[in-house]
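Remarks on the structure that follows.
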There are 2 protein chains.
Amino acid sequence: MARINEHYHKLAAGYLFPEIARRTSAFTAAHPDASVIRLGIGDVVKAIPRPIVDAMKEAMEEMGHDQSFEGYPPPFGQDFLRQAIVEGDYASRGVEVDIEEIFVSDGSKCDSGNIQEIFGTDNTIALTDPVYPVYCDSNVMAGRTGAADDSGRYAGLAYLPCTAENGFMPSLPEGHVDLIYLCSPNNPTGTVMDRDELTKWVEYARAEKAIILFDAAYHAYITDDTLPHSIFEIPGAREVAIEFRSFSKNAGFTGIRCGFTVVPRELQAYRADGSTSSVHAAWSRRQSTKFNGVAYPVQRGAAAAYAPAGAAAIEELVTYYLGNAAYMREKLVGGGIEVFGGVHAPYLWLKTPAGGDSWTFFDDLLNKAHIVGTPGAGFGAAGEGYFRLSAFNHREAVEEAMERIARL
Amino acid sequence: MARINEHYHKLAAGYLFPEIARRTSAFTAAHPDASVIRLGIGDVVKAIPRPIVDAMKEAMEEMGHDQSFEGYPPPFGQDFLRQAIVEGDYASRGVEVDIEEIFVSDGSKCDSGNIQEIFGTDNTIALTDPVYPVYCDSNVMAGRTGAADDSGRYAGLAYLPCTAENGFMPSLPEGHVDLIYLCSPNNPTGTVMDRDELTKWVEYARAEKAIILFDAAYHAYITDDTLPHSIFEIPGAREVAIEFRSFSKNAGFTGIRCGFTVVPRELQAYRADGSTSSVHAAWSRRQSTKFNGVAYPVQRGAAAAYAPAGAAAIEELVTYYLGNAAYMREKLVGGGIEVFGGVHAPYLWLKTPAGGDSWTFFDDLLNKAHIVGTPGAGFGAAGEGYFRLSAFNHREAVEEAMERIARL
C-alpha cells in the first residue's frame with residue numbers, strides 16, 4: 001500500500017501563516033464590520049513601480065506574437081537578468097559573482113525550502129530560534145529531525161537562541177554542525193549582522209567544513225553602508241555559503257514571484273568517502289529536474305528593477321516602508337513597549353506586554369484592536385514572549401494601528 | 001562536514017533536455033549558417049492567444065496601482081481560476097471535482113517532480129519505459145532506487161515496458177507496487193489510453209491500495225470524444241489517483257508557467273501502523289511550506305483560457321499542431337518509416353531506420369538534416385531504437401523538416 005511520508009506527522013501544526021489567515025478569517029466572519037489592519041504576514045501593499053509594470057506588460061505583449069514569442073525559459077534564468085543581478089547587486093559592491101552562479105527562481109521561499117534536498121539527510125542542521133519556519137519545516141519533512149517536544153523544538157536540530165539577552169545575535173554552536181541557516185536583516189527579529197558577526201560564521205564554516213545558507217531577502221532595507229548586504233562580502237565565503245535573494249520586498253514582487261539563489265562554483269560538499277562533490281552541480285541538477293524556470297515577462301520586470309528608473313522607484317518604496325517602521329518604533333517605544341529591529345529591516349520585534357504568551361497577545365490584538373500581527377512563538381520556542389509587527393502597510397493604516405495600540 | 005545527497009550521484013547523466021540543448025548548441029556553434037529545425041524538446045512556438053495576453057496585461061496593470069495591487073497569491077490558487085477549472089475541465093465532462101481539490105502551480109513538470117516528496121521513501125514505484133524523465137529522476141534523487149545498470153535502469157524501480165509489441169500499453173505489474181506514474185496522451189510515445197485501459201489501472205490500484213500519479217498534460221490533444229481526458233472519469237478513481245494538468249501545451253504557457261494538480265479529498269495513503277493519512281492534507285502542507293503560489297496576472301491569463309474567446313483560440317492552436325502531426329505522419333509513413341502516436345497527441349514516436357541506436361540517429365539527423373529530435377533512449381531503456389519528433393513548430397518548418405528527412 002502507498003505509504004505517506006511519516007515525517008509530515010511530526011510537523012507540530014499548520015504552516016504558521018495559513019494558521020494566522022485562518023484565525024483572521026474566523027474573526028472577520030464573526031465581525032464583518034471590523035476594519036482589520038494587517039501587520040502580520042509581511043506582505044507588501046504598494047503598487048509595483050511603473051517602469052517595472054511597463055516592462056512586464058511589454059514582454060507580455062511580445063508573447064502574443066509568433067515572432068517574439070518565448071517558450072520554455074532557460075532553466076536557470078535569462079542571461080539579461082542574471083547579468084543585471086551580477087552588476088547591480090554584486091559588482092557594484094565589489095563582490096565577484098559569475099552569471100553562471102545565479103539561479104533565477106520563483107522566489108526565495110521556494111529556494112530556501114528546496115535547498116536542503118541536495119544535501120544528505122545525515123547532516124546536522126543549525127537554526128536560529130526564532131526562525132523563518134520554512135527552514136525548519138522543510139528539514140522536518142525531509143526526515144532530518146526527530147519528534148517535536150512541547151515547546152515545538154524538534155529533536156536533532158541545533159537551535160541557536162536569539163533573545164534580547166544576546167542582542168538577537170546567535171552564538172556559534174557548541175559542537176559541530178553541517179548546515180547553518182542565517183538570515184540578515186533578520187526575519188522575524190529585524191536585527192542585522194555586521195561584518196564581524198558574519199565573519200565569525202564564515203570562519204566557523206571554513207573550520208568545520210560546514211555550509212551557510214544565507215537568506216538576504218531583506219538586504220534592500222539596510223541603510224548603513226558599512227553593513228554587508230551579501231555574505232560574499234566576507235572573505236572566504238565563496239567556499240562555504242549559498243545566498244538567497246528576492247524581488248518581493250524591494251520591487252513589490254510578493255504577488256509576481258521572482259527571486260534568485262547564488263551558488264559559487266567553489267562550493268563543495270562531501271561524499272561518504274570524504275571526496276568532494278560540487279554543490280553548484282547538484283543545485284543545477286535539482287533545478288533542471290524539479291523546476292522549469294520563470295516566465296519571461298517576470299524576468300523582464302525583475303531586470304527593469306536594476307535600470308535607473310526602476311532602481312529609483314524601489315528606493316522610494318523601501319524608504320516608505322522604513323518610514324513606517326521608524327514611526328511604529330517611535331510610537332511603540334513611547335507607549336512603553338520594548339521594541340527591537342525596524343531600523344535596517346521592515347520588521348519590529350516587540351516584547352509582549354506584561355510577558356504574556358504570544359498567541360494570547362495575537363488573539364487580544366485581533367479581538368480588541370483589530371490588528372493582525374505574528375506571534376513570536378510561531379517562529380520558535382525562543383520567540384515566545386515576543387511579537388512581530390510588519391511595516392508593510394499604507395502610512396494611514398500604520399498610524400491608525402499605532403493609535404489603536406496606544407488606546408489598549 | 002556538509003554531506004551531499006549521495007543519491008544524486010546515481011543519476012546517469014544530465015537531465016535529458018539540457019543534454020540535447022548542449023549538443024544542439026555545439027552543432028550551431030560549429031555551423032553558424034545551418035538552419036536548424038527544432039522538433040526536440042516539445043516547446044510550443046505559436047503566440048499565446050490574444051484574449052489571454054490581454055487578460056494578463058490587464059492584470060499586470062492592476063499590479064501597478066495601490067487599490068488593485070495583489071500581494072502573496074493564495075497558496076493553492078485564486079478561486080476564480082480554480083472555479084473555472086472545475087467547470088471547464090471537469091463538470092463539463094460530468095466529473096465531480098471540488099475547488100478545494102485544485103492546487104494551482106507553476107507547471108506540471110514541477111508538480112510531477114515534487115509529488116513524491118509527500119510519500120515515504122519505502123514505496124515501490126512503477127514507471128512505464130519509456131517515460132518522462134522527471135518521474136524517474138525525482139525518485140532517484142529522493143533515494144527510492146539503487147544504482148543504474150548499463151541500460152540506465154535503476155535497481156528497485158518496477159519498469160513497465162511499452163513497445164510496438166504491446167501497442168505501447170503497459171501491462172499491470174507482476175507483483176505489488178505502491179505508486180504508479182501514468183501519462184496519457186503519452187509523452188513520449190504519443191499513444192493514448194482508452195477507458196478500458198484506464199479502468200484496468202484504477203482497479204489494480206484499488207485492489208493493491210496503490211496510488212496512480214496521472215499526467216494529463218496533453219489531454220487537449222484528444223480528438224475522439226469517447227476517450228477519457230481525466231482519470232477521474234473512471235469510477236473509483238477518486239480514492240486512488242492524483243491528476244496533473246498544464247496550460248503549457250494548450251494555451252501556449254511553456255514560457256508563462258502554470259499548471260495544476262487535482263488531489264481528491266478521499267485519497268488516503270497509509271502510515272506504518274496501517275492507519276490512513278490524507279494525501280490532500282500532505283500536499284497542502286508541502287505546497288504551503290515549499291511553494292508560494294502563482295502570479296495573479298498568470299492566473300488571470302489561465303482563467304481567460306476557459307472563457308469562450310480563449311477556449312476558441314486554444315482549440316485553433318491545438319488543431320494547428322495536430323495538423324502538423326498528421327502531415328508528419330503522412331510524410332514519414334510514406335517514406336517507409338514506422339510511426340506511432342501523433343493522432344491524439346503532439347508527439348510522433350518513430351522506429352529508428354535500420355534499427356540504429358537512438359543517440360546515433362539524433363546526431364545523424366542533427367548533422368545531416370539539421371533537425372533536432374529526441375532520442376528514445378533518453379526516455380528509458382525500452383525507448384532505445386525509437387525517436388520522438390514533436391509537432392510543435394510552424395507549418396513551414398515542419399514541411400521543410402519532412403523534405404530534409406525524405407532526402408536523407
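Residues in the C-alpha cells are named by chain (A, B, ... in the order shown) and by number from 1 within that chain; ligands are numbered from 1 in the order shown.
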
- Task: Write down, as a ChimeraX atom specification, each residue of chain A that has any atom within 6 Å of an atom of chain B, counting only C-alpha atoms.
- Result: /A:1-5,46-48,57,63-66,69-73,110,113,118-120,134,178,209-210,254-256,269-271,289-291,295

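DSSP on the backbone gives strand (DSSP E) for these parts of stretch 169-224 of chain A: Leu179, Ile180, Tyr181, Leu182, Cys183, Ile211, Ile212, Leu213, Phe214 and Asp215 of chain A.
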
Write out, as a PDB file, in the first residue's frame, the residues just selected, with N, CA, C and O atoms.
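Produced file again.pdb, reproduced below:
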```
ATOM      1  N   LEU A 179      25.092  22.226   8.354  1.00  0.00           N
ATOM      2  CA  LEU A 179      24.377  23.237   7.565  1.00  0.00           C
ATOM      3  C   LEU A 179      23.806  24.268   8.536  1.00  0.00           C
ATOM      4  O   LEU A 179      23.205  23.902   9.551  1.00  0.00           O
ATOM      5  N   ILE A 180      23.989  25.534   8.195  1.00  0.00           N
ATOM      6  CA  ILE A 180      23.594  26.626   9.095  1.00  0.00           C
ATOM      7  C   ILE A 180      22.723  27.607   8.322  1.00  0.00           C
ATOM      8  O   ILE A 180      23.161  28.162   7.308  1.00  0.00           O
ATOM      9  N   TYR A 181      21.506  27.812   8.792  1.00  0.00           N
ATOM     10  CA  TYR A 181      20.642  28.822   8.186  1.00  0.00           C
ATOM     11  C   TYR A 181      20.837  30.146   8.924  1.00  0.00           C
ATOM     12  O   TYR A 181      20.651  30.204  10.134  1.00  0.00           O
ATOM     13  N   LEU A 182      21.188  31.187   8.184  1.00  0.00           N
ATOM     14  CA  LEU A 182      21.274  32.529   8.757  1.00  0.00           C
ATOM     15  C   LEU A 182      20.442  33.470   7.890  1.00  0.00           C
ATOM     16  O   LEU A 182      20.357  33.275   6.669  1.00  0.00           O
ATOM     17  N   CYS A 183      19.870  34.485   8.508  1.00  0.00           N
ATOM     18  CA  CYS A 183      19.049  35.450   7.786  1.00  0.00           C
ATOM     19  C   CYS A 183      19.364  36.830   8.327  1.00  0.00           C
ATOM     20  O   CYS A 183      19.213  37.070   9.522  1.00  0.00           O
ATOM     21  N   ILE A 211      28.316  24.437   5.689  1.00  0.00           N
ATOM     22  CA  ILE A 211      27.802  25.340   4.653  1.00  0.00           C
ATOM     23  C   ILE A 211      26.758  26.255   5.269  1.00  0.00           C
ATOM     24  O   ILE A 211      25.869  25.799   6.003  1.00  0.00           O
ATOM     25  N   ILE A 212      26.877  27.553   4.973  1.00  0.00           N
ATOM     26  CA  ILE A 212      25.927  28.553   5.457  1.00  0.00           C
ATOM     27  C   ILE A 212      24.884  28.807   4.370  1.00  0.00           C
ATOM     28  O   ILE A 212      25.239  29.086   3.219  1.00  0.00           O
ATOM     29  N   LEU A 213      23.629  28.713   4.734  1.00  0.00           N
ATOM     30  CA  LEU A 213      22.526  29.025   3.825  1.00  0.00           C
ATOM     31  C   LEU A 213      22.036  30.401   4.246  1.00  0.00           C
ATOM     32  O   LEU A 213      21.356  30.544   5.266  1.00  0.00           O
ATOM     33  N   PHE A 214      22.438  31.405   3.477  1.00  0.00           N
ATOM     34  CA  PHE A 214      22.282  32.797   3.912  1.00  0.00           C
ATOM     35  C   PHE A 214      21.122  33.469   3.187  1.00  0.00           C
ATOM     36  O   PHE A 214      21.150  33.644   1.973  1.00  0.00           O
ATOM     37  N   ASP A 215      20.134  33.865   3.950  1.00  0.00           N
ATOM     38  CA  ASP A 215      18.934  34.475   3.385  1.00  0.00           C
ATOM     39  C   ASP A 215      19.067  35.997   3.482  1.00  0.00           C
ATOM     40  O   ASP A 215      19.035  36.570   4.570  1.00  0.00           O
TER      41      ASP A 215
END
```

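Distances to A:Gly143 were evaluated for A:Val333, A:Leu350, A:Pro375, A:Leu157 using only C-alpha atoms, and the minimum falls at A:Leu157.
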
- Using only C-alpha atoms, which of the listed residues (B:Arg245, B:Arg38, B:His344, B:Lys331) sits closest to B:Thr374? B:Arg38

- Distance atom CA of B:Val140-atom CA of A:Val104, one decimal place? 24.3 Å

- DSSP alpha helix (DSSP H) residues within stretch 9-257 of chain A, listed as a ChimeraX atom specification: /A:16-30,50-62,79-85,108-114,133-141,195-208

- Task: Just the residues within 12 Å of B:Leu408, please, counting only C-alpha atoms, with nothing from its chain fewer than 6 positions along; format it as a list in words.
- Result: Leu332, Gly335, Pro353, Phe361, Asp364, Leu365, Leu366, Asn367, Lys368, Ala369, His370, Ile371, Ala401 and Met402 of chain B

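For the atom pair formed by atom CA of B:Ala21 and atom CA of B:Gly373, the distance is 10.7 Å, given to one decimal.
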
- Message: Residues within 12 Å of A:Gly167, please, as an MDAnalysis selection string. Count only C-alpha atoms; anything in the same chain fewer than 3 positions from it doesn't count.
- Response: chainID A and resid 161:164 170:171 189:193 197 339:341 349

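Interatomic distance, atom CA of B:Glu315 to atom CA of B:Asn250: 7.9 Å.
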
- Query: Got a sec: who's within 12 Å of A:Gly383, counting only C-alpha atoms, leaving out chain neighbours fewer than 3 positions off, as a PyMOL selection string?
  - Reply: chain A and resi 128-133+151-153+160-164+168+187-189+349-352+355-359+374-380+386-388

- Task: Write out as a count of residues only the residues lying within 12 Å of A:Glu396, counting only C-alpha atoms and excluding same-chain residues fewer than 3 positions away.
- Result: 12
